[in-house]
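Participant: So that we are looking at the same thing, I have put the structure below in structure tokens.
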Amino acid sequence: MNGRAPGKHPAIITVTSSSRKAGKSVLASYLVHELGAEFGLKVSSGSHAPTGSLTSDIGTIATPGTDTGKLVEAGARRVLWVHADPGHLRSQLERAMSMFPEKGLLVVEGNSASAYIEADYAVFLMGVPFEAFKPSALPALQRADLVLVCRSGALLDVEPSLLEKELAPIAPRARIIFYDEDSRAEALSETARLIRDRLK
């Protein structure tokens, strides 16, 4: 797959992160609501995953409190969940993408998807130092159009200018926004604005 055939899928926004609990599901559901995205895709992968599953059952997908449930609550009309080990991820993603129509907007949550799905706009959430990145984080960062750096936790004492210099060769096309809890809403709003501008 590695890419997207023109006109065959909705416009795609990917949401990836440096680590667990970085806020992917919050951002993904925010973007679904704010941008009026019709579709959502949650992607889980790893050695703990089954060989490959694609869940579309609304009873499972819409379960309150789950990542997929949040996408439904945010307004996505169709949400799928791909849960696969690395060896079966590509085929399951191809299957999932074939189930979305040609038009509309799709928000994809999950680092592993970014290796196979070409995004129209890719957002990366950074909440920990590079040495604490999970294995799938660095490849996702390299594809980012926007890096949102949270300075409320592990990166509280990081000097923004130094981190920008470190990020530049890794994510050369990315814009970088630093935020803390007080400026989080503003950062999310700016993210939505940048995506709207890209999709015009």
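Going by the structure tokens order, chains are called A, B, ..., each with residues numbered from 1, while ligands are numbered from 1 in the order shown.
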As a ChimeraX atom specification, list the residues of segment 8-171 of chain A assigned to alpha helix (DSSP H) by DSSP on the backbone atoms of this structure.

Facilitator: /A:24-35,58-61,67-73,86-97,137-142,160-167

Participant: Would you save the residues from that selection as a short mmCIF file (atom, residue, chain, number, x, y, z; two decimals), in the first residue's frame, using N, CA and C atoms?

Facilitator:
```
data_model
loop_
_atom_site.label_atom_id
_atom_site.label_comp_id
_atom_site.auth_asym_id
_atom_site.auth_seq_id
_atom_site.Cartn_x
_atom_site.Cartn_y
_atom_site.Cartn_z
N LYS A 24 -3.16 11.08 22.05
CA LYS A 24 -3.60 10.80 20.68
C LYS A 24 -5.11 10.74 20.55
N SER A 25 -5.76 10.01 21.45
CA SER A 25 -7.21 9.84 21.32
C SER A 25 -7.94 11.15 21.55
N VAL A 26 -7.43 11.98 22.46
CA VAL A 26 -8.04 13.29 22.70
C VAL A 26 -7.93 14.16 21.45
N LEU A 27 -6.73 14.20 20.86
CA LEU A 27 -6.53 15.01 19.66
C LEU A 27 -7.34 14.47 18.49
N ALA A 28 -7.33 13.15 18.30
CA ALA A 28 -8.06 12.56 17.18
C ALA A 28 -9.55 12.87 17.26
N SER A 29 -10.14 12.71 18.44
CA SER A 29 -11.57 12.99 18.59
C SER A 29 -11.85 14.48 18.45
N TYR A 30 -10.93 15.32 18.93
CA TYR A 30 -11.09 16.77 18.75
C TYR A 30 -11.12 17.12 17.27
N LEU A 31 -10.21 16.54 16.50
CA LEU A 31 -10.15 16.85 15.07
C LEU A 31 -11.37 16.34 14.33
N VAL A 32 -11.87 15.17 14.72
CA VAL A 32 -13.11 14.67 14.11
C VAL A 32 -14.23 15.68 14.31
N HIS A 33 -14.36 16.16 15.54
CA HIS A 33 -15.43 17.11 15.86
C HIS A 33 -15.20 18.46 15.20
N GLU A 34 -14.00 18.99 15.34
CA GLU A 34 -13.70 20.34 14.88
C GLU A 34 -13.71 20.45 13.35
N LEU A 35 -13.23 19.41 12.69
CA LEU A 35 -13.13 19.44 11.23
C LEU A 35 -14.32 18.78 10.54
N ILE A 58 -20.58 -1.96 15.41
CA ILE A 58 -20.83 -0.69 16.10
C ILE A 58 -20.97 -0.88 17.60
N GLY A 59 -21.44 -2.04 18.04
CA GLY A 59 -21.56 -2.29 19.46
C GLY A 59 -20.22 -2.28 20.16
N THR A 60 -19.20 -2.80 19.49
CA THR A 60 -17.84 -2.78 20.02
C THR A 60 -17.19 -1.42 19.82
N ILE A 61 -17.33 -0.90 18.61
CA ILE A 61 -16.69 0.37 18.25
C ILE A 61 -17.17 1.52 19.14
N ASP A 67 -11.05 4.34 22.75
CA ASP A 67 -10.57 5.27 21.72
C ASP A 67 -11.54 5.35 20.56
N THR A 68 -12.05 4.20 20.14
CA THR A 68 -13.01 4.21 19.02
C THR A 68 -14.33 4.84 19.45
N GLY A 69 -14.73 4.61 20.69
CA GLY A 69 -15.96 5.21 21.19
C GLY A 69 -15.88 6.73 21.19
N LYS A 70 -14.70 7.25 21.51
CA LYS A 70 -14.52 8.71 21.50
C LYS A 70 -14.65 9.28 20.09
N LEU A 71 -14.18 8.53 19.10
CA LEU A 71 -14.31 8.98 17.71
C LEU A 71 -15.77 9.02 17.29
N VAL A 72 -16.52 8.01 17.72
CA VAL A 72 -17.96 7.98 17.43
C VAL A 72 -18.66 9.14 18.12
N GLU A 73 -18.36 9.34 19.40
CA GLU A 73 -18.98 10.44 20.16
C GLU A 73 -18.65 11.80 19.55
N PRO A 86 2.74 -6.87 13.44
CA PRO A 86 3.40 -6.20 12.31
C PRO A 86 3.33 -6.97 11.00
N GLY A 87 3.36 -8.29 11.07
CA GLY A 87 3.33 -9.09 9.85
C GLY A 87 2.01 -9.06 9.11
N HIS A 88 0.94 -8.72 9.80
CA HIS A 88 -0.39 -8.71 9.18
C HIS A 88 -0.99 -7.31 9.10
N LEU A 89 -0.23 -6.32 9.57
CA LEU A 89 -0.79 -4.97 9.64
C LEU A 89 -1.11 -4.41 8.26
N ARG A 90 -0.21 -4.55 7.33
CA ARG A 90 -0.42 -3.97 6.00
C ARG A 90 -1.69 -4.49 5.35
N SER A 91 -1.89 -5.81 5.38
CA SER A 91 -3.08 -6.39 4.73
C SER A 91 -4.36 -5.93 5.42
N GLN A 92 -4.32 -5.80 6.74
CA GLN A 92 -5.51 -5.36 7.46
C GLN A 92 -5.80 -3.88 7.18
N LEU A 93 -4.76 -3.08 7.04
CA LEU A 93 -4.96 -1.67 6.70
C LEU A 93 -5.53 -1.52 5.29
N GLU A 94 -5.04 -2.32 4.37
CA GLU A 94 -5.59 -2.29 3.01
C GLU A 94 -7.07 -2.63 3.03
N ARG A 95 -7.40 -3.63 3.83
CA ARG A 95 -8.81 -4.02 3.96
C ARG A 95 -9.64 -2.88 4.53
N ALA A 96 -9.11 -2.26 5.58
CA ALA A 96 -9.84 -1.17 6.22
C ALA A 96 -10.04 0.00 5.27
N MET A 97 -8.99 0.39 4.56
CA MET A 97 -9.09 1.54 3.66
C MET A 97 -10.08 1.30 2.54
N ALA A 137 7.77 5.41 17.32
CA ALA A 137 7.63 6.87 17.36
C ALA A 137 8.53 7.60 16.38
N LEU A 138 9.79 7.20 16.29
CA LEU A 138 10.73 7.93 15.44
C LEU A 138 10.32 7.93 13.97
N PRO A 139 9.94 6.77 13.39
CA PRO A 139 9.48 6.80 12.00
C PRO A 139 8.25 7.69 11.81
N ALA A 140 7.37 7.71 12.79
CA ALA A 140 6.18 8.57 12.70
C ALA A 140 6.58 10.05 12.76
N LEU A 141 7.53 10.37 13.62
CA LEU A 141 8.01 11.75 13.73
C LEU A 141 8.61 12.23 12.42
N GLN A 142 9.33 11.36 11.75
CA GLN A 142 9.99 11.73 10.49
C GLN A 142 8.98 12.12 9.40
N PRO A 160 13.08 25.21 24.56
CA PRO A 160 12.45 25.07 23.24
C PRO A 160 13.41 25.22 22.07
N SER A 161 14.30 26.20 22.12
CA SER A 161 15.21 26.43 20.98
C SER A 161 16.15 25.25 20.76
N LEU A 162 16.57 24.60 21.85
CA LEU A 162 17.45 23.44 21.72
C LEU A 162 16.69 22.25 21.15
N LEU A 163 15.45 22.06 21.60
CA LEU A 163 14.65 20.96 21.08
C LEU A 163 14.32 21.18 19.60
N GLU A 164 14.07 22.41 19.23
CA GLU A 164 13.81 22.71 17.82
C GLU A 164 15.00 22.32 16.95
N LYS A 165 16.21 22.58 17.44
CA LYS A 165 17.42 22.21 16.69
C LYS A 165 17.54 20.69 16.57
N GLU A 166 17.14 19.98 17.61
CA GLU A 166 17.20 18.51 17.56
C GLU A 166 16.14 17.95 16.62
N LEU A 167 14.99 18.59 16.59
CA LEU A 167 13.90 18.10 15.75
C LEU A 167 14.11 18.40 14.27
#
```

Participant: Quick one: residues within 12 Å of Asp182 of chain A, only C-alpha atoms, excluding same-chain residues fewer than 3 positions away - as a PyMOL selection string?

Facilitator: chain A and resi 150-152+178-179+185-188

Participant: Could you check which of A:Gly104, A:Gly23, A:Gly65, A:Pro10 is closest to Met126 of chain A, using only C-alpha atoms?

Facilitator: A:Gly23

Participant: Given the choices A:Ala74, A:Val147, A:Val15, A:Ala113, which gets closest to Arg175 of chain A if the distance is worked out from only C-alpha atoms?

Facilitator: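 Selected residue with least distance to Arg175 of chain A: A:Val147.
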
Participant: Counting only C-alpha atoms, which residue out of A:Val149, A:Val128, A:Ile170, A:Ala192 sits closest to Lys21 of chain A?

Facilitator: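 Closest to Lys21 of chain A of all the choices is A:Val128.
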
Participant: Quick one: residues within 12 Å of Thr14 of chain A, only C-alpha atoms counted, chain neighbours fewer than 2 positions away excluded, as a CSV table (one decimal) with C-alpha atoms, in the first residue's frame?

Facilitator:
```csv
chain,number,residue,atom,x,y,z
A,11,ALA,CA,-8.5,13.0,2.7
A,12,ILE,CA,-6.4,11.6,5.6
A,16,THR,CA,0.8,9.8,16.2
A,17,SER,CA,2.9,10.2,19.3
A,24,LYS,CA,-3.6,10.8,20.7
A,25,SER,CA,-7.2,9.8,21.3
A,27,LEU,CA,-6.5,15.0,19.7
A,28,ALA,CA,-8.1,12.6,17.2
A,29,SER,CA,-11.6,13.0,18.6
A,31,LEU,CA,-10.1,16.8,15.1
A,32,VAL,CA,-13.1,14.7,14.1
A,40,GLY,CA,-12.2,7.4,12.0
A,41,LEU,CA,-9.7,4.6,12.1
A,42,LYS,CA,-7.9,3.3,15.2
A,43,VAL,CA,-4.8,1.2,14.6
A,105,LEU,CA,-12.2,13.2,5.8
A,106,LEU,CA,-10.6,10.4,7.7
A,107,VAL,CA,-8.7,10.7,11.0
A,108,VAL,CA,-6.3,7.9,11.7
A,109,GLU,CA,-5.0,7.3,15.2
A,110,GLY,CA,-1.9,5.1,15.7
A,111,ASN,CA,1.8,5.2,15.0
A,112,SER,CA,2.0,2.0,13.0
A,113,ALA,CA,-0.4,3.2,10.3
A,114,SER,CA,1.8,6.0,9.3
A,115,ALA,CA,4.3,3.5,7.7
A,116,TYR,CA,1.6,2.4,5.2
A,117,ILE,CA,-0.8,5.3,4.8
A,118,GLU,CA,0.2,8.5,3.2
A,119,ALA,CA,-1.4,11.4,5.1
A,120,ASP,CA,-2.6,14.7,3.7
A,121,TYR,CA,-1.5,16.1,7.1
A,122,ALA,CA,0.4,14.3,9.8
A,123,VAL,CA,0.4,15.4,13.4
A,124,PHE,CA,2.9,14.1,16.0
A,125,LEU,CA,2.4,14.5,19.8
A,140,ALA,CA,6.2,8.6,12.7
A,141,LEU,CA,8.0,11.8,13.7
A,143,ARG,CA,6.7,11.9,8.5
A,144,ALA,CA,5.2,14.7,10.6
A,145,ASP,CA,3.9,18.0,9.2
A,146,LEU,CA,3.3,19.3,12.7
A,147,VAL,CA,4.9,18.4,16.1
A,195,ILE,CA,-5.2,21.3,8.7
```

Participant: Quick one: distance from atom CA of Ala132 of chain A to atom CA of Gly153 of chain A in Å, one decimal?

Facilitator: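 These atoms are spaced 12.9 Å apart.
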